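*Asks:* Got a structure for you, questions after.
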Amino acid sequence: MDELGAVWDGETTSFALATAHAEAVELCLFESPDAPTESRRITLTRGGDAVFRGRVPEAGPGRAYGYRVHGPWAPERGLRFDATKLLVDPYARAVCGAVRWDESLLPGNGLDSAPHMPRALVVSRGFDWGDDRPPAVPWRETVLYETHVRGMTMRHPEVPEAQRGKYLGLAAPAVLEHLRALGVTTLSLLPVHQGAPDPHVAKLGLTNYWNYSPLAYFAPESRYASSDRGEQIDEFRAMVRELHRAGFEVLVDVVYNHTAEGDAKGPLYSLRGIDSATYYRLDPRDPAEYEDWSGCGNTLDLRQARTRALVLDSLRAWVSELHVDGFRFDLAPALAREASHFAPDSAFLRELVDDPVLSRVKLVAEPWDARPGGHQLGAFPPPFAEWNDRFRDTARRFWRGDSGCLADFATRLGGSEDVFAPGGRGPRASVNFVTCHDGFTLEDLVSHARKHNDANGEGGNDGAHENWSRGWGAEGPSADPETIRLRERMKRNFVATLAFAQGVPMLSHGDELSRTQDGNNNPYCHDGPLTWVDWALDPRRREFLEFCARAFALRRASPLFARERFLTKDEVTWLRPDGAPLTQEDWRDPERRQLGVRLRGARDALLLVNAAPAGCAFALPPLPEGTDWKGLLCTACDPPTRVRGPRLRVAAHSCLWLGAEDGARR
């Protein structure tokens with residue numbers, strides 16, 4: 001079967017568009033990407049497989065094109081054809097221009113949308129990859145770093161100005177050195193599919209900064225390139241190649257649960273006008289409406305073979321053509337809902353994990369969607385890893401001082417066996433995080449008890465209402481030395497918890513630099529200093545960055561944290577401050593906030609945790625003769641080089657990481 005999309009073979013370009021319900025398809029060719037209307041229309045030929053095809057010798061690389069699709073306007077049957085609308089090829093490898101919001105984008109008004117729509121581009125798919133190969137970092141050694149291509153470097157003084165906010169800027173030497181020193185192995189990029197604005201965001205004069213509104217699933221977002229005339233493909237590839245050479249993996253956040261076309265009253269950008277009844281889930285009670293499992297107005301229908309093929313073809317293209325190392329699936333349960341329930345054995349998940357190309361890369365699920373029954377943490381099949389929101393919430397509540405969190409906190413430190421063992425997976429299935437793009441930054445988590453989202457234009461009603469956060473003496477910025485001291489300590493506690501826990505740690509970009517969003521926990525629509533990483537370091541911020549690097553260096557140096565299976569009773573001991581193992585009564589005590597965690601191995605590790613408002617003396621467990629405990633990391637002070645005596649005091653709201661060392665090594 002011919003490949004869908006536009007394929008240049010060196011002499012001619014083959015165009016192919018799949019639509020089961022259309023009556024006719026016109027290929028629209030533009031003299032230039034900026035031309036307001038097409039110069040030529042070519043009627044494609046329908047094949048028996050519901051694919052419309054044509055070959056055009058003069059349409060070589062750089063030629064701009066789009067489609068007009070003819071058929072019935074019958075929303076009651078789920079059909080929304082309107083040939084006055086120019087549509088983007090869903091298989092386009094590059095898109096030139098951006099959607100410029102206009103009423104002509106809406107159906108039923110007879111207005112031509114071409115002047116306001118981007119165009120797909122014919123591209124040559126060749127690229128000099130050199131000796132590029134995937135770093136293939138084992139899961140047990142992986143440290144994820146979620147980042148936004150633009151926001152990461154827009155304010156970086158050592159990135160060339162022309163590369164700031166661009167793909168190439170992310171691979172600049174100064175950025176690579178920062179990531180290497182921090183201990184990161186794998187970048188997880190916020191969405192880089194070509195996107196389009198949500199109508200309500202466009203009308204507010206804001207932008208889809210996070211880019212969770214996809215338009216074209218094969219095309220890298222052109223805003224992150226030097227131009228949109230096809231350079232975005234090669235610049236994305238060059239970024240990946242340079243990151244690979246430096247030893248970093250690249251994962252991309254993919255949004256296959258919905259598109260930018262919104263609900264049934266939304267615009268016609270692509271799939272809706274190509275074949276709405278095939279690509280979207282229609283409400284079985286009223287096919288004129290969409291089922292909305294994404295919270296964004298529509299949901300792709302991955303029960304349909306043609307829609308699954310679109311998604312799987314896209315994933316394979318990002319691996320084979322763009323060399324990415326894996327994917328993080330946004331609102332992943334929406335991809336595997338059958339009639340309404342989540343099905344871990346759905347056709348899409350089966351085909352994905354059985355695919356010879358895709359089964360070799362890292363797969364990460366965001367294991368919840370926007371509707372009832374959508375929280376499915378622990379339910380995804382191997383080889384998926386999953387964002388563990390129970391780790392996030394438990395760590396936040398425990399360090400905030402909430403009652404009754406000790407046992408759950410210990411379970412999260414151990415890799416969340418209760419969540420992942422029933423599915424036959426080990427601790428590497430748990431992606432542990434305290435913060436991510438969605439919610440407070442780490443600095444804001446310890447500086448605000450409530451969100452401050454007024455700038456989003458939604459009356460403060462957007463974003464999570466409960467953040468398990470605390471201001472530690474004030475709401476927002478403070479000059480009080482005691483408040484600042486407590487906040488810095490709490491940030492260190494969260495990082496130490498991440499570094500010591502079994503599973504896969506994930507940092508959110510700029511947290512190590514004390515980045516703030518002024519208490520906004522949903523800044524998806526802001527492209528400016530509020531969301532860009534600030535690289536200017538005062539002594540306080542520099543000290544915290546150095547702490548983060550030390551924490552992950554300790555993790556990297558010990559095989560105790562590179563485990564494929566859960567800890568056994570012989571490998572971990574949970575201790576009271578008096579040195580005795582915790583009893584069942586201790587675990588049930590809602591006001592107990594102290595914990596010792598001893599990991600046994602070639603060189604034991606010990607974490608002493610005190611989330612109480614007063615200091616606490618811990619009895620140190622005995623070691624073989626000639627071996628001593630050495631302080632390695634302290635969230636309240638510089639650790640001692642050697643621990644003397646049988647007891648050690650741990651300050652309020654802090655923790656201390658120790659390691660067993662031979663006397664000769666002191």
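FYI, nothing fancy with the structure tokens labels: chains A, B, ... in order, residues from 1 per chain, ligands from 1 as they appear.
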Excluding region 489-506 of chain A and residues on its chain fewer than 3 positions from it, collect all residues at most 7 Å away from it, counting only C-alpha atoms, and give them as a PyMOL selection string.
*Replies:* chain A and resi 142-145+413-415+427-433+442+446+485-486+548+551-552+555+561+635-636+654-655
*Asks:* Output C-alpha atoms for every residue in that selection, as a PDB file, in the first residue's frame.
*Replies:*
```
ATOM      1  CA  THR A 142      17.385   6.992  34.133  1.00  0.00           C
ATOM      2  CA  VAL A 143      16.874  10.486  35.543  1.00  0.00           C
ATOM      3  CA  LEU A 144      14.152  12.310  33.615  1.00  0.00           C
ATOM      4  CA  TYR A 145      14.084  16.068  33.075  1.00  0.00           C
ATOM      5  CA  LEU A 413      10.196   5.562  48.952  1.00  0.00           C
ATOM      6  CA  GLY A 414      10.176   1.824  48.310  1.00  0.00           C
ATOM      7  CA  GLY A 415       8.975   2.188  44.721  1.00  0.00           C
ATOM      8  CA  PRO A 427      10.004  -0.135  40.743  1.00  0.00           C
ATOM      9  CA  ARG A 428      11.231   1.186  37.389  1.00  0.00           C
ATOM     10  CA  ALA A 429       7.546   1.412  36.362  1.00  0.00           C
ATOM     11  CA  SER A 430       7.156   4.284  38.828  1.00  0.00           C
ATOM     12  CA  VAL A 431       8.127   7.717  37.492  1.00  0.00           C
ATOM     13  CA  ASN A 432       8.510   9.605  40.752  1.00  0.00           C
ATOM     14  CA  PHE A 433       7.992  13.352  40.705  1.00  0.00           C
ATOM     15  CA  LEU A 442       9.143  23.629  43.420  1.00  0.00           C
ATOM     16  CA  VAL A 446       6.976  25.988  49.353  1.00  0.00           C
ATOM     17  CA  ARG A 485      15.538  29.272  55.569  1.00  0.00           C
ATOM     18  CA  LEU A 486      12.527  26.993  55.989  1.00  0.00           C
ATOM     19  CA  CYS A 548      20.541  19.038  43.639  1.00  0.00           C
ATOM     20  CA  ALA A 551      21.842  14.449  45.597  1.00  0.00           C
ATOM     21  CA  PHE A 552      21.705  12.858  42.166  1.00  0.00           C
ATOM     22  CA  ARG A 555      22.080   8.236  43.679  1.00  0.00           C
ATOM     23  CA  PHE A 561      19.086   2.750  43.593  1.00  0.00           C
ATOM     24  CA  THR A 635      18.898  19.295  54.048  1.00  0.00           C
ATOM     25  CA  ALA A 636      19.399  21.499  57.118  1.00  0.00           C
ATOM     26  CA  SER A 654      14.798  17.949  57.534  1.00  0.00           C
ATOM     27  CA  CYS A 655      16.486  14.730  56.545  1.00  0.00           C
TER      28      CYS A 655
END
```
*Asks:* Which residues are close to His448 (chain A), i.e. within 8 Å by only C-alpha atoms, leaving aside same-chain residues fewer than 6 positions away? Reply as a PDB file with C-alpha atoms, in the first residue's frame.
*Replies:*
```
ATOM      1  CA  SER A 469       1.434  23.165  49.411  1.00  0.00           C
ATOM      2  CA  ARG A 470       2.445  25.535  52.206  1.00  0.00           C
ATOM      3  CA  GLY A 471       3.933  29.024  52.346  1.00  0.00           C
ATOM      4  CA  ALA A 474       4.019  33.854  54.277  1.00  0.00           C
ATOM      5  CA  GLU A 475       1.996  33.750  51.086  1.00  0.00           C
ATOM      6  CA  GLY A 476       4.331  34.491  48.197  1.00  0.00           C
ATOM      7  CA  GLY A 519       2.016  31.095  42.273  1.00  0.00           C
TER       8      GLY A 519
END
```
*Asks:* Can you pull out every residue within 9 Å of Glu103 (chain A), counting only C-alpha atoms, but drop anything in the same chain fewer than 4 positions away, and send it as JSON, numbers by chain?
*Replies:* {"A": [107, 109, 111, 113, 267]}
*Asks:* List every residue of region 102-265 of chain A that DSSP, applied to the backbone of this structure, assigns to helix (DSSP H, G or I), and report them as a ChimeraX atom specification.
*Replies:* /A:103-105,114-116,139-141,149-153,161-163,167-170,173-182,199-203,222-224,231-245
*Asks:* Counting only C-alpha atoms, what are the residues of region 182-258 of chain A within 8 Å of region 158-168 of chain A, and for each of them which pair of atoms is the nearest and at what distance in Å, to one decimal? Sort the table by chain and rising number, as CSV.
*Replies:*
```
residue,atom,partner,partner_atom,distance
A:Arg223,CA,A:Lys166,CA,7.7
A:Tyr224,CA,A:Lys166,CA,4.2
A:Ala225,CA,A:Lys166,CA,5.4
A:Ser226,CA,A:Lys166,CA,7.3
A:Glu235,CA,A:Tyr167,CA,6.3
A:Phe236,CA,A:Tyr167,CA,5.7
A:Ala238,CA,A:Leu168,CA,7.1
A:Met239,CA,A:Leu168,CA,5.3
```
